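final.tsv (TSV, C-alpha atoms) appears below.
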chain	number	residue	atom	x	y	z
U	742	MET	CA	-30.36	-35.69	13.39
U	743	THR	CA	-28.25	-32.79	12.20
U	744	GLU	CA	-27.95	-32.59	8.47
U	745	ARG	CA	-24.57	-31.33	7.30
U	746	ARG	CA	-24.54	-29.63	3.94
U	747	ARG	CA	-21.70	-30.82	1.78
U	748	ARG	CA	-19.88	-27.84	0.36
U	749	SER	CA	-18.06	-27.93	-2.93
U	750	ILE	CA	-14.41	-27.03	-3.32
U	751	PHE	CA	-15.56	-23.84	-5.05
U	752	ASP	CA	-17.60	-22.81	-2.00
U	753	LEU	CA	-14.56	-23.38	0.19
U	754	ILE	CA	-12.31	-21.37	-2.12
U	755	ASP	CA	-14.86	-18.54	-2.30
U	756	GLU	CA	-15.19	-18.51	1.46
U	757	TYR	CA	-11.42	-18.54	1.88
U	758	PHE	CA	-10.92	-15.53	-0.39
U	759	GLU	CA	-13.85	-13.66	1.16
U	760	ASN	CA	-12.30	-14.14	4.60
U	761	LEU	CA	-8.94	-13.09	3.28
U	762	GLU	CA	-10.37	-9.97	1.65
U	763	GLU	CA	-12.19	-9.08	4.86
U	764	SER	CA	-8.99	-9.49	6.93
U	765	VAL	CA	-6.98	-7.31	4.57
U	766	LYS	CA	-9.76	-4.70	4.61
U	767	ARG	CA	-9.83	-4.68	8.42
U	768	LEU	CA	-6.05	-4.39	8.53
U	769	ARG	CA	-6.11	-1.49	6.07
U	770	GLU	CA	-8.79	0.34	8.04
U	771	THR	CA	-6.79	-0.12	11.24
U	772	LEU	CA	-3.73	1.28	9.53
U	773	MET	CA	-5.68	4.25	8.21
U	774	GLU	CA	-6.54	5.93	11.47
U	775	LYS	CA	-3.13	7.11	12.54
U	776	PRO	CA	-0.63	9.54	11.03
U	777	SER	CA	1.45	8.13	8.21
U	778	TRP	CA	4.54	9.55	9.88
U	779	ASP	CA	6.40	9.14	13.17
U	780	ARG	CA	8.12	12.34	14.21
U	781	LYS	CA	10.11	10.77	17.05
U	782	ALA	CA	11.51	8.00	14.88
U	783	CYS	CA	11.83	10.40	11.89
U	784	THR	CA	10.12	7.84	9.66
U	785	ILE	CA	7.23	7.91	7.24
U	786	GLU	CA	5.05	5.00	6.34
U	787	PRO	CA	5.05	4.00	2.68
U	788	LEU	CA	2.00	2.90	0.70
U	789	ARG	CA	1.91	-0.84	0.26
U	790	ASP	CA	-0.21	-3.59	-1.14
U	791	ILE	CA	-0.47	-7.36	-0.74
U	792	SER	CA	-1.71	-9.86	-3.28
U	793	VAL	CA	-2.04	-13.60	-2.79
U	794	THR	CA	-1.69	-15.89	-5.80
U	795	PRO	CA	-1.96	-19.69	-5.74
U	796	THR	CA	1.82	-19.96	-5.50
U	797	GLU	CA	3.09	-16.84	-3.75
U	798	VAL	CA	2.37	-13.71	-1.75
U	799	ILE	CA	3.50	-10.51	-3.43
U	800	VAL	CA	4.01	-7.43	-1.28
U	801	THR	CA	4.64	-4.19	-3.16
U	802	VAL	CA	5.78	-0.96	-1.52
U	803	ASP	CA	5.88	2.51	-3.07
U	804	LEU	CA	9.28	4.00	-2.23
U	805	PRO	CA	9.85	7.31	-4.04
U	806	TYR	CA	13.24	9.05	-3.55
U	807	THR	CA	14.72	5.77	-2.31
U	808	GLU	CA	18.32	4.67	-2.65
U	809	GLU	CA	18.09	1.05	-3.73
U	810	ASN	CA	21.08	-0.09	-1.68
U	811	THR	CA	19.46	1.14	1.54
U	812	ILE	CA	16.38	-1.07	1.26
U	813	ARG	CA	16.10	-3.65	4.05
U	814	VAL	CA	13.44	-6.36	4.26
U	815	LYS	CA	13.55	-8.36	7.47
U	816	PRO	CA	11.26	-11.20	8.63
U	817	LEU	CA	10.24	-10.45	12.24
U	818	SER	CA	8.25	-13.66	12.70
U	819	LYS	CA	6.71	-16.35	10.54
U	820	ASP	CA	4.05	-13.91	9.31
U	821	VAL	CA	5.44	-10.38	9.72
U	822	ILE	CA	8.05	-8.56	7.67
U	823	GLU	CA	9.67	-5.22	8.37
U	824	ILE	CA	10.64	-2.93	5.53
U	825	SER	CA	12.88	0.11	5.76
U	826	ALA	CA	14.58	2.31	3.19
U	827	LYS	CA	16.46	5.58	3.22
U	828	MET	CA	15.46	8.47	0.98
U	829	ARG	CA	17.97	10.41	-1.10
U	830	ARG	CA	17.04	13.61	0.72
U	831	LYS	CA	15.44	14.73	3.93
U	832	ILE	CA	11.76	15.61	3.73
U	833	SER	CA	10.32	18.14	6.16
U	834	PHE	CA	6.78	19.28	6.91
U	835	ASP	CA	7.75	22.58	5.25
U	836	ASP	CA	8.08	20.69	1.95
U	837	PHE	CA	4.36	19.94	2.19
U	838	GLY	CA	3.54	23.56	3.05
U	839	ILE	CA	2.82	22.55	6.66
U	840	THR	CA	4.13	25.00	9.25
U	841	HIS	CA	2.24	23.90	12.37
U	842	TYR	CA	4.31	20.73	12.77
U	843	LYS	CA	8.08	20.51	12.81
U	844	GLY	CA	10.15	17.53	11.85
U	845	GLU	CA	12.30	15.91	9.21
U	846	PHE	CA	12.09	12.46	7.70
U	847	GLN	CA	14.59	10.48	5.74
U	848	THR	CA	13.44	6.90	6.23
U	849	PHE	CA	10.50	4.84	5.11
U	850	HIS	CA	9.48	2.25	7.65
U	851	CYS	CA	6.62	-0.22	7.96
U	852	GLN	CA	5.70	-3.68	9.17
U	853	THR	CA	3.38	-5.90	7.19
U	854	ARG	CA	1.51	-9.01	8.22
U	855	ILE	CA	1.48	-11.77	5.63
U	856	PRO	CA	-2.05	-13.24	5.47
U	857	VAL	CA	-1.17	-16.87	4.57
U	858	PRO	CA	1.74	-19.19	5.50
U	859	VAL	CA	4.89	-18.53	3.44
U	860	TYR	CA	8.53	-19.57	3.25
U	861	MET	CA	10.30	-16.51	4.65
U	862	ASP	CA	13.70	-18.00	3.84
U	863	LYS	CA	12.83	-18.17	0.12
U	864	MET	CA	11.96	-14.48	-0.14
U	865	GLU	CA	12.92	-12.72	-3.37
U	866	VAL	CA	13.10	-8.97	-3.69
U	867	ARG	CA	13.34	-6.58	-6.63
U	868	PHE	CA	13.12	-2.81	-7.03
U	869	LYS	CA	11.88	-1.16	-10.19
U	870	ARG	CA	10.55	2.34	-10.94
U	871	GLY	CA	10.54	3.13	-7.22
U	872	ILE	CA	8.37	0.10	-6.42
U	873	LEU	CA	9.73	-2.61	-4.13
U	874	GLU	CA	8.40	-6.09	-4.90
U	875	ILE	CA	8.73	-8.84	-2.31
U	876	HIS	CA	7.88	-12.37	-3.46
U	877	LEU	CA	7.21	-15.00	-0.80
U	878	PRO	CA	6.46	-18.57	-1.96
U	879	ARG	CA	3.36	-19.95	-0.28
U	880	LYS	CA	3.54	-22.83	2.15
U	881	HIS	CA	0.63	-25.19	1.51
U	882	GLU	CA	0.25	-26.80	4.92
U	883	TYR	CA	-2.82	-28.87	4.06
U	884	GLU	CA	-4.86	-29.81	1.05
U	885	ILE	CA	-8.58	-30.37	0.80
U	886	PRO	CA	-9.20	-33.74	-0.84
U	887	ILE	CA	-11.44	-33.67	-3.89
U	888	GLU	CA	-13.97	-36.48	-3.71
G	473	MET	CA	-26.22	30.24	-5.53
G	474	HIS	CA	-27.42	27.54	-7.87
G	475	ALA	CA	-29.45	24.87	-6.12
G	476	VAL	CA	-29.61	21.78	-8.25
G	477	LYS	CA	-33.08	20.43	-8.90
G	478	LYS	CA	-33.98	17.09	-7.41
G	479	THR	CA	-33.10	14.44	-9.92
G	480	TRP	CA	-31.49	11.68	-7.85
G	481	GLY	CA	-33.21	10.44	-4.74
G	482	ASN	CA	-33.50	13.12	-2.06
G	483	TYR	CA	-29.80	13.80	-1.81
G	484	LEU	CA	-29.55	16.56	-4.37
G	485	GLU	CA	-31.42	18.91	-2.08
G	486	ASP	CA	-28.24	18.79	0.00
G	487	VAL	CA	-25.71	19.37	-2.80
G	488	LYS	CA	-25.24	22.98	-3.82
G	489	ILE	CA	-22.79	24.48	-6.30
G	490	VAL	CA	-21.86	27.93	-5.04
G	491	GLU	CA	-20.63	30.25	-7.80
G	492	LYS	CA	-17.95	32.81	-6.91
G	493	LYS	CA	-17.55	34.28	-10.39
G	494	GLU	CA	-19.56	34.55	-13.55
G	495	ILE	CA	-19.42	31.29	-15.46
G	496	PRO	CA	-19.00	31.60	-19.23
G	497	SER	CA	-21.10	29.33	-21.42
G	498	GLY	CA	-19.69	26.99	-24.06
G	499	CYS	CA	-16.78	25.73	-21.93
G	500	THR	CA	-15.38	22.19	-21.85
G	501	MET	CA	-15.88	20.79	-18.34
G	502	LEU	CA	-13.16	18.51	-16.99
G	503	PHE	CA	-13.26	16.27	-13.92
G	504	GLY	CA	-10.23	15.23	-11.87
G	505	PHE	CA	-11.44	13.16	-8.93
G	506	PRO	CA	-9.57	10.73	-6.64
G	507	ASP	CA	-9.52	7.28	-8.16
G	508	VAL	CA	-6.97	4.61	-9.04
G	509	GLY	CA	-3.43	6.04	-9.20
G	510	LEU	CA	-4.90	9.48	-8.38
G	511	VAL	CA	-4.52	10.06	-12.12
G	512	GLY	CA	-7.34	12.60	-12.38
G	513	VAL	CA	-6.31	14.62	-9.32
G	514	ILE	CA	-2.64	14.78	-10.33
G	515	ALA	CA	-3.59	15.75	-13.89
G	516	ALA	CA	-6.03	18.41	-12.64
G	517	SER	CA	-3.48	19.80	-10.21
G	518	HIS	CA	-0.96	20.08	-13.05
G	519	LEU	CA	-3.51	21.86	-15.26
G	520	ILE	CA	-4.19	24.40	-12.51
G	521	SER	CA	-0.47	25.18	-12.17
G	522	GLU	CA	0.21	25.22	-15.92
G	523	LEU	CA	-2.78	26.94	-17.50
G	524	ASN	CA	-3.00	30.69	-17.38
G	525	GLY	CA	-5.95	32.27	-15.66
G	526	LEU	CA	-7.45	29.10	-14.23
G	527	GLU	CA	-8.98	30.29	-10.96
G	528	GLU	CA	-11.60	29.09	-8.52
G	529	VAL	CA	-15.02	29.99	-9.92
G	530	ALA	CA	-17.31	27.75	-7.87
G	531	TYR	CA	-17.34	25.13	-5.16
G	532	VAL	CA	-19.47	22.29	-3.83
G	533	ASP	CA	-21.27	22.87	-0.56
G	534	SER	CA	-22.80	19.69	0.79
G	535	LYS	CA	-23.64	18.20	4.15
G	536	LEU	CA	-23.24	14.78	2.54
G	537	LEU	CA	-19.46	15.26	2.58
G	538	PRO	CA	-17.43	14.55	5.73
G	539	PRO	CA	-17.04	17.56	8.07
G	540	LEU	CA	-13.83	18.67	6.39
G	541	ILE	CA	-12.42	21.85	4.90
G	542	VAL	CA	-9.11	22.41	3.14
G	543	LEU	CA	-7.04	25.30	4.46
G	544	HIS	CA	-5.00	27.33	1.99
G	545	GLU	CA	-3.07	30.29	3.43
G	546	GLY	CA	-5.21	29.99	6.57
G	547	LEU	CA	-8.51	30.32	4.72
G	548	PRO	CA	-11.17	27.62	4.39
G	549	HIS	CA	-12.02	26.01	1.07
G	550	SER	CA	-14.39	23.27	0.02
G	551	PRO	CA	-12.57	20.03	-0.83
G	552	ILE	CA	-14.45	19.97	-4.16
G	553	ARG	CA	-13.88	23.08	-6.24
G	554	ILE	CA	-14.39	24.19	-9.82
G	555	PHE	CA	-11.62	26.15	-11.48
G	556	GLY	CA	-12.21	27.95	-14.72
G	557	ASN	CA	-11.07	30.36	-17.40
G	558	HIS	CA	-12.78	31.51	-20.58
G	559	ASN	CA	-12.95	28.01	-22.12
G	560	ILE	CA	-12.28	25.40	-19.41
G	561	LEU	CA	-14.15	24.43	-16.25
G	562	LEU	CA	-12.23	21.96	-14.10
G	563	ALA	CA	-13.91	20.18	-11.18
G	564	VAL	CA	-11.36	18.75	-8.77
G	565	SER	CA	-11.51	17.13	-5.35
G	566	GLU	CA	-8.63	17.38	-2.89
G	567	THR	CA	-9.92	14.56	-0.76
G	568	ALA	CA	-11.35	11.09	-1.33
G	569	ILE	CA	-15.07	11.30	-2.00
G	570	PRO	CA	-17.02	8.81	0.14
G	571	ALA	CA	-18.30	6.04	-2.13
G	572	ASP	CA	-21.90	6.46	-1.00
G	573	VAL	CA	-22.12	10.13	-2.03
G	574	ILE	CA	-20.48	9.91	-5.45
G	575	TYR	CA	-23.86	9.67	-7.19
G	576	PRO	CA	-25.42	12.86	-5.79
G	577	ILE	CA	-22.18	14.85	-6.03
G	578	MET	CA	-21.65	13.85	-9.67
G	579	TYR	CA	-25.30	14.38	-10.59
G	580	ALA	CA	-25.19	17.85	-9.06
G	581	LEU	CA	-22.00	18.80	-10.91
G	582	ILE	CA	-23.25	17.44	-14.23
G	583	ASP	CA	-26.63	19.13	-13.96
G	584	TRP	CA	-24.85	22.37	-13.05
G	585	GLY	CA	-22.54	22.00	-16.07
G	586	LYS	CA	-25.49	21.40	-18.36
G	587	ASN	CA	-27.17	24.48	-16.93
G	588	LYS	CA	-24.00	26.44	-17.80
G	589	LYS	CA	-24.24	25.10	-21.36
G	590	VAL	CA	-20.90	23.30	-21.38
G	591	LYS	CA	-20.17	21.88	-24.82
G	592	MET	CA	-18.55	18.70	-23.54
G	593	MET	CA	-17.57	16.95	-20.31
G	594	ILE	CA	-14.34	14.98	-20.03
G	595	SER	CA	-13.36	12.89	-17.04
G	596	LEU	CA	-9.64	12.28	-16.49
G	597	SER	CA	-8.88	9.04	-14.76
G	598	GLY	CA	-6.99	5.77	-14.78
G	599	ILE	CA	-7.47	2.12	-15.51
G	600	PRO	CA	-5.47	-0.19	-13.26
G	601	ILE	CA	-3.07	-2.62	-14.81
G	602	GLN	CA	-1.22	-5.43	-13.08
G	603	GLU	CA	2.61	-5.38	-13.12
G	604	ARG	CA	2.40	-1.66	-13.92
G	605	GLN	CA	6.03	-1.17	-12.86
G	606	ASP	CA	7.14	-3.32	-15.80
G	607	ILE	CA	5.32	-1.23	-18.39
G	608	GLU	CA	7.31	1.47	-20.19
G	609	GLU	CA	4.62	2.90	-22.48
G	610	LEU	CA	1.22	3.47	-20.97
G	611	LYS	CA	-1.87	3.30	-23.15
G	612	VAL	CA	-4.79	5.69	-22.91
G	613	PHE	CA	-8.30	4.40	-23.49
G	614	ALA	CA	-11.57	6.24	-23.95
G	615	ALA	CA	-15.27	5.64	-23.66
G	616	ALA	CA	-17.91	8.14	-24.71
G	617	SER	CA	-21.53	9.06	-24.10
G	618	ASN	CA	-22.61	8.53	-27.71
G	619	ALA	CA	-21.41	7.01	-30.98
G	620	ASP	CA	-20.53	10.34	-32.64
G	621	VAL	CA	-18.26	11.42	-29.80
G	622	LEU	CA	-16.72	7.97	-29.73
G	623	LYS	CA	-15.93	8.26	-33.45
G	624	THR	CA	-14.26	11.65	-32.91
G	625	VAL	CA	-12.10	10.18	-30.15
G	626	GLN	CA	-11.14	7.24	-32.34
G	627	GLU	CA	-10.15	9.61	-35.16
G	628	GLN	CA	-7.66	11.21	-32.76
G	629	GLY	CA	-5.92	7.85	-32.42
G	630	ILE	CA	-7.18	7.05	-28.93
G	631	GLU	CA	-8.04	3.42	-28.32
G	632	ILE	CA	-11.61	2.66	-27.30
G	633	LEU	CA	-12.44	0.76	-24.13
G	634	LYS	CA	-14.83	-1.55	-25.93
G	635	GLU	CA	-16.10	-3.92	-23.26
G	636	GLY	CA	-15.82	-4.17	-19.51
G	637	TYR	CA	-16.89	-2.53	-16.31
G	638	MET	CA	-16.22	1.03	-15.20
G	639	VAL	CA	-16.55	1.99	-11.53
G	640	GLY	CA	-16.40	5.41	-9.89
G	641	PRO	CA	-17.15	9.07	-10.63
G	642	GLN	CA	-16.18	8.72	-14.32
G	643	ALA	CA	-18.73	5.91	-14.74
G	644	ILE	CA	-21.50	8.05	-13.26
G	645	MET	CA	-20.47	10.99	-15.46
G	646	LEU	CA	-20.66	8.95	-18.64
G	647	GLN	CA	-24.00	7.40	-17.79
G	648	ARG	CA	-25.59	10.65	-16.64
G	649	CYS	CA	-24.31	12.62	-19.65
G	650	ALA	CA	-25.59	9.92	-22.00
G	651	SER	CA	-29.04	10.12	-20.46
G	652	ILE	CA	-29.33	13.95	-20.50
G	653	GLY	CA	-27.71	14.40	-23.91
G	654	VAL	CA	-24.42	16.08	-22.98
G	655	PRO	CA	-21.43	14.89	-25.07
G	656	ALA	CA	-18.95	13.27	-22.71
G	657	ILE	CA	-15.71	11.33	-22.74
G	658	THR	CA	-13.92	9.38	-20.07
G	659	LEU	CA	-10.17	9.20	-20.64
G	660	LEU	CA	-8.37	6.43	-18.79
G	661	ALA	CA	-4.60	6.01	-18.67
G	662	GLN	CA	-3.14	2.67	-17.61
G	663	CYS	CA	-1.89	3.12	-14.06
G	664	PHE	CA	-1.10	1.66	-10.65
G	665	PHE	CA	-4.18	0.69	-8.67
G	666	ASN	CA	-2.96	1.74	-5.25
G	667	TYR	CA	-0.06	4.12	-5.86
G	668	PRO	CA	-0.06	7.71	-7.14
G	669	ASP	CA	0.93	7.62	-10.79
G	670	PRO	CA	2.20	10.93	-12.24
G	671	GLU	CA	3.34	9.20	-15.46
G	672	ALA	CA	-0.23	8.03	-16.07
G	673	ALA	CA	-1.45	11.58	-15.34
G	674	ALA	CA	0.94	12.86	-18.01
G	675	GLU	CA	-0.42	10.32	-20.50
G	676	VAL	CA	-4.03	11.23	-19.80
G	677	LEU	CA	-3.17	14.90	-20.37
G	678	LYS	CA	-1.58	14.00	-23.70
G	679	GLY	CA	-4.86	12.28	-24.60
G	680	LEU	CA	-6.77	15.41	-23.57
G	681	THR	CA	-4.52	17.52	-25.79
G	682	LYS	CA	-5.46	15.35	-28.77
G	683	ILE	CA	-9.17	15.77	-28.12
G	684	ILE	CA	-9.54	19.45	-27.28
G	685	GLY	CA	-6.28	20.84	-28.64
G	686	LEU	CA	-5.22	22.15	-25.23
G	687	LYS	CA	-1.48	22.80	-25.06
G	688	VAL	CA	-0.12	21.37	-21.80
G	689	ASP	CA	3.56	20.82	-21.11
G	690	VAL	CA	3.85	17.66	-19.02
G	691	SER	CA	7.64	17.77	-18.57
G	692	LYS	CA	7.41	19.36	-15.09
G	693	LEU	CA	4.89	16.74	-14.06
G	694	LEU	CA	7.32	13.99	-15.01
G	695	GLU	CA	10.30	15.77	-13.40
G	696	LYS	CA	8.38	16.13	-10.14
G	697	GLY	CA	7.10	12.53	-10.27
G	698	GLU	CA	8.79	11.31	-7.08
G	699	GLU	CA	7.83	14.44	-5.14
G	700	ILE	CA	4.19	14.02	-6.22
G	701	ARG	CA	4.19	10.35	-5.22
G	702	LEU	CA	5.45	11.29	-1.77
G	703	LYS	CA	2.99	14.15	-1.30
G	704	ALA	CA	0.01	12.16	-2.57
G	705	ARG	CA	0.47	9.25	-0.13
G	706	ASP	CA	-2.19	10.26	2.37
G	707	VAL	CA	-4.84	11.13	-0.23
G	708	MET	CA	-4.07	7.81	-1.91
G	709	ARG	CA	-4.52	5.94	1.38
G	710	ARG	CA	-7.93	7.52	1.95
G	711	THR	CA	-8.88	6.88	-1.66
G	712	GLN	CA	-7.92	3.19	-1.37
G	713	GLN	CA	-10.52	2.80	1.37
G	714	GLU	CA	-13.26	4.32	-0.79
G	715	LEU	CA	-12.18	2.30	-3.84
G	716	SER	CA	-12.60	-0.82	-1.77
G	717	LYS	CA	-16.13	0.26	-0.72
G	718	MET	CA	-17.20	0.89	-4.31
G	719	LYS	CA	-15.81	-2.52	-5.42
G	720	LYS	CA	-13.34	-0.94	-7.80
G	721	THR	CA	-11.66	-4.27	-8.51
G	722	GLN	CA	-14.76	-5.11	-10.54
G	723	GLU	CA	-12.99	-3.32	-13.40
G	724	TYR	CA	-10.75	-6.38	-13.64
G	725	ASP	CA	-13.80	-8.64	-14.11
G	726	MET	CA	-14.73	-10.36	-17.34
G	727	PRO	CA	-18.07	-8.95	-18.44
G	728	LEU	CA	-21.09	-11.16	-19.00
G	729	TYR	CA	-22.43	-10.40	-22.45
G	730	ILE	CA	-26.17	-10.14	-22.67
G	731	THR	CA	-27.31	-9.64	-26.24

Whole structure given in structure tokens:
Amino acid sequence: MTERRRRSIFDLIDEYFENLEESVKRLRETLMEKPSWDRKACTIEPLRDISVTPTEVIVTVDLPYTEENTIRVKPLSKDVIEISAKMRRKISFDDFGITHYKGEFQTFHCQTRIPVPVYMDKMEVRFKRGILEIHLPRKHEYEIPIE
Amino acid sequence: MHAVKKTWGNYLEDVKIVEKKEIPSGCTMLFGFPDVGLVGVIAASHLISELNGLEEVAYVDSKLLPPLIVLHEGLPHSPIRIFGNHNILLAVSETAIPADVIYPIMYALIDWGKNKKVKMMISLSGIPIQERQDIEELKVFAAASNADVLKTVQEQGIEILKEGYMVGPQAIMLQRCASIGVPAITLLAQCFFNYPDPEAAAEVLKGLTKIIGLKVDVSKLLEKGEEIRLKARDVMRRTQQELSKMKKTQEYDMPLYIT
């Protein structure tokens, strides 16, 4: 007879966050190994971060030189958002002292996968000190009953 | 060439500090290494551009580091270099230091500094704070290697980081200096965890000014804030990966008091 160990709600929560952390880590590492710029599209990829609270997912994006009215946040599917923003001036490789590549960039662009279900239609966005904050209320699709 | 004696595992045999110039004794040794908000690196980079006569005096040569050089004007440089003048030695890294080699690299640098009779070591870094974008005035905290140094810091009006965890090169520096009897301070400005934070770098430099009386104008650093944030993106990305490996978020943890 197989004996099933009964796990507490705390074990389940711990496991859930460990899995979540692992997924975010894997995603980050995947994102790392490519240039942070796309010369053909003339875009650069901004730094971003995701945190999951009990009630919402908060995505922050570092957007220096950005004109606030050019920021666009678009849901692409139920768990992916696309962020773009135009910079106040064009940035070239020369500005970084790099002469072996040529190209100019004026747009930040990235896509971000949201790790838990959220209400995309209830998204709230604010921009302060060059940091874009996207708040997505969490969708709690099931609950674990406490015995 | 100064080969550091074996004091930490077997790794130190592979970490060498190569001196390019004569190193004066009695200097204050500063550290600006990649960490949260890249506070230390940005501050160190500003010091190099602002202070007169700060030039490369030594560099780290180690097979423990990734196979990477930094090219400046077509010439190769170690990613970890020491700049100096008659009273400052500044160790700075231009790339994220892999989490698993921080111990030997820091031990080597600290032992080298002690050998050069530095009078004090100060690490410039950050302490992450949530909702950083909502904070107008950033605080600077300090921790020290012994009670006397801590008292001196407190007298300069810098708040003490009384309890909690510290993770990263600055933690190793403090612990190592405490054990070998070198006065040391870690200065930590409140900052973003994952984004380059020039404002925090400016605050940490103001804290440094209070402690060692160094005159540093931070106005250019603040003016160039957006440019620095843009340029520092890739180093920040690499640093994020190493911060994750060294469990940096432990600094948010509530400490367990054992008395």

Within 10 Å of chain U: each chain G residue with its shortest pair, all atoms listed in the file, as a tab-separated table:
residue	atom	partner	partner_atom	distance
G:His544	CA	U:Gly838	CA	9.4
G:Glu545	CA	U:Gly838	CA	9.4
G:Arg604	CA	U:Arg870	CA	9.6
G:Gln605	CA	U:Arg870	CA	6.0
G:Asp606	CA	U:Lys869	CA	7.7
G:Ile607	CA	U:Arg870	CA	9.8
G:Glu608	CA	U:Arg870	CA	9.8
G:Phe665	CA	U:Asp790	CA	9.5
G:Asn666	CA	U:Asp790	CA	7.3
G:Tyr667	CA	U:Asp803	CA	6.8
G:Pro668	CA	U:Asp803	CA	8.9
G:Gly697	CA	U:Pro805	CA	8.6
G:Glu698	CA	U:Pro805	CA	5.1
G:Glu699	CA	U:Pro805	CA	7.5
G:Ile700	CA	U:Pro805	CA	9.0
G:Arg701	CA	U:Pro805	CA	6.5
G:Leu702	CA	U:Pro805	CA	6.4
G:Lys703	CA	U:Phe837	CA	6.9
G:Arg705	CA	U:Leu788	CA	6.6
G:Asp706	CA	U:Ser777	CA	7.2
G:Met708	CA	U:Leu788	CA	8.2
G:Arg709	CA	U:Met773	CA	7.1
G:Arg710	CA	U:Met773	CA	7.4
G:Gln712	CA	U:Arg769	CA	9.0
G:Gln713	CA	U:Glu770	CA	7.3
G:Ser716	CA	U:Lys766	CA	8.0
G:Lys717	CA	U:Lys766	CA	9.7

Next on the checklist: Give me, as a PyMOL selection string, all polymer residues having an atom no more than 7 Å from G:Leu502, counting all atoms listed in the file and skipping those fewer than 5 positions away in the same chain.
Outcome noted: chain G and resi 561-563+593-595

Item to check | Computed interatomic separation between atom CA of G:Leu510 and atom CA of G:Leu677 (Å) | outcome: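 Going from atom CA of G:Leu510 over to atom CA of G:Leu677, I get 13.3 Å.
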
Next on the checklist: Using all atoms listed in the file, can you tell me which of G:Phe505, G:Phe613, G:Tyr637, G:Phe555 comes closest to G:Ile574?
Outcome noted: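 Closest candidate: G:Phe505.
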
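Distances from G:Pro641, G:Pro576, G:Gly653, G:Gly598 to G:Val511 were compared using only C-alpha atoms, and the smallest one belongs to G:Gly598.
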
Next on the checklist: Show me, as a list in words, the residues that have an atom within 12 Å of G:Lys692 when counting all atoms listed in the file, minus same-chain residues fewer than 6 positions from it.
Outcome noted: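 So, after excluding close chain neighbours, the residues are Ala515, Ser517, His518, Leu519, Ser521, Glu522, Pro670, Glu671, Ala673, Ala674, Glu698, Glu699 and Ile700 of chain G.
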
Taking the partial coordinates given, rebuild stretch 679-691 of chain G to contain N, CA and C atoms; return it as a PDB file, keeping the file's coordinate frame.
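And here's part-v1.pdb as it stands now:
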ATOM      1  N   GLY G 679      -3.597  12.685 -23.955  1.00  0.00           N
ATOM      2  CA  GLY G 679      -4.860  12.280 -24.600  1.00  0.00           C
ATOM      3  C   GLY G 679      -5.826  13.446 -24.677  1.00  0.00           C
ATOM      4  N   LEU G 680      -5.887  14.232 -23.600  1.00  0.00           N
ATOM      5  CA  LEU G 680      -6.770  15.410 -23.570  1.00  0.00           C
ATOM      6  C   LEU G 680      -6.365  16.421 -24.642  1.00  0.00           C
ATOM      7  N   THR G 681      -5.048  16.594 -24.780  1.00  0.00           N
ATOM      8  CA  THR G 681      -4.520  17.520 -25.790  1.00  0.00           C
ATOM      9  C   THR G 681      -5.011  17.120 -27.182  1.00  0.00           C
ATOM     10  N   LYS G 682      -5.002  15.816 -27.452  1.00  0.00           N
ATOM     11  CA  LYS G 682      -5.460  15.350 -28.770  1.00  0.00           C
ATOM     12  C   LYS G 682      -6.929  15.680 -28.994  1.00  0.00           C
ATOM     13  N   ILE G 683      -7.717  15.603 -27.954  1.00  0.00           N
ATOM     14  CA  ILE G 683      -9.170  15.770 -28.120  1.00  0.00           C
ATOM     15  C   ILE G 683      -9.585  17.238 -28.192  1.00  0.00           C
ATOM     16  N   ILE G 684      -9.046  18.059 -27.276  1.00  0.00           N
ATOM     17  CA  ILE G 684      -9.540  19.450 -27.280  1.00  0.00           C
ATOM     18  C   ILE G 684      -8.468  20.451 -27.705  1.00  0.00           C
ATOM     19  N   GLY G 685      -7.313  19.941 -28.112  1.00  0.00           N
ATOM     20  CA  GLY G 685      -6.280  20.840 -28.640  1.00  0.00           C
ATOM     21  C   GLY G 685      -5.637  21.733 -27.585  1.00  0.00           C
ATOM     22  N   LEU G 686      -5.805  21.360 -26.313  1.00  0.00           N
ATOM     23  CA  LEU G 686      -5.220  22.150 -25.230  1.00  0.00           C
ATOM     24  C   LEU G 686      -3.714  21.903 -25.177  1.00  0.00           C
ATOM     25  N   LYS G 687      -2.936  22.968 -25.124  1.00  0.00           N
ATOM     26  CA  LYS G 687      -1.480  22.800 -25.060  1.00  0.00           C
ATOM     27  C   LYS G 687      -1.054  22.702 -23.588  1.00  0.00           C
ATOM     28  N   VAL G 688      -0.594  21.548 -23.189  1.00  0.00           N
ATOM     29  CA  VAL G 688      -0.120  21.370 -21.800  1.00  0.00           C
ATOM     30  C   VAL G 688       1.252  20.716 -21.839  1.00  0.00           C
ATOM     31  N   ASP G 689       2.214  21.384 -21.215  1.00  0.00           N
ATOM     32  CA  ASP G 689       3.560  20.820 -21.110  1.00  0.00           C
ATOM     33  C   ASP G 689       3.591  19.886 -19.895  1.00  0.00           C
ATOM     34  N   VAL G 690       3.867  18.607 -20.146  1.00  0.00           N
ATOM     35  CA  VAL G 690       3.850  17.660 -19.020  1.00  0.00           C
ATOM     36  C   VAL G 690       5.258  17.378 -18.471  1.00  0.00           C
ATOM     37  N   SER G 691       6.265  18.084 -18.989  1.00  0.00           N
ATOM     38  CA  SER G 691       7.640  17.770 -18.570  1.00  0.00           C
ATOM     39  C   SER G 691       7.838  18.006 -17.061  1.00  0.00           C
TER      40      SER G 691
END
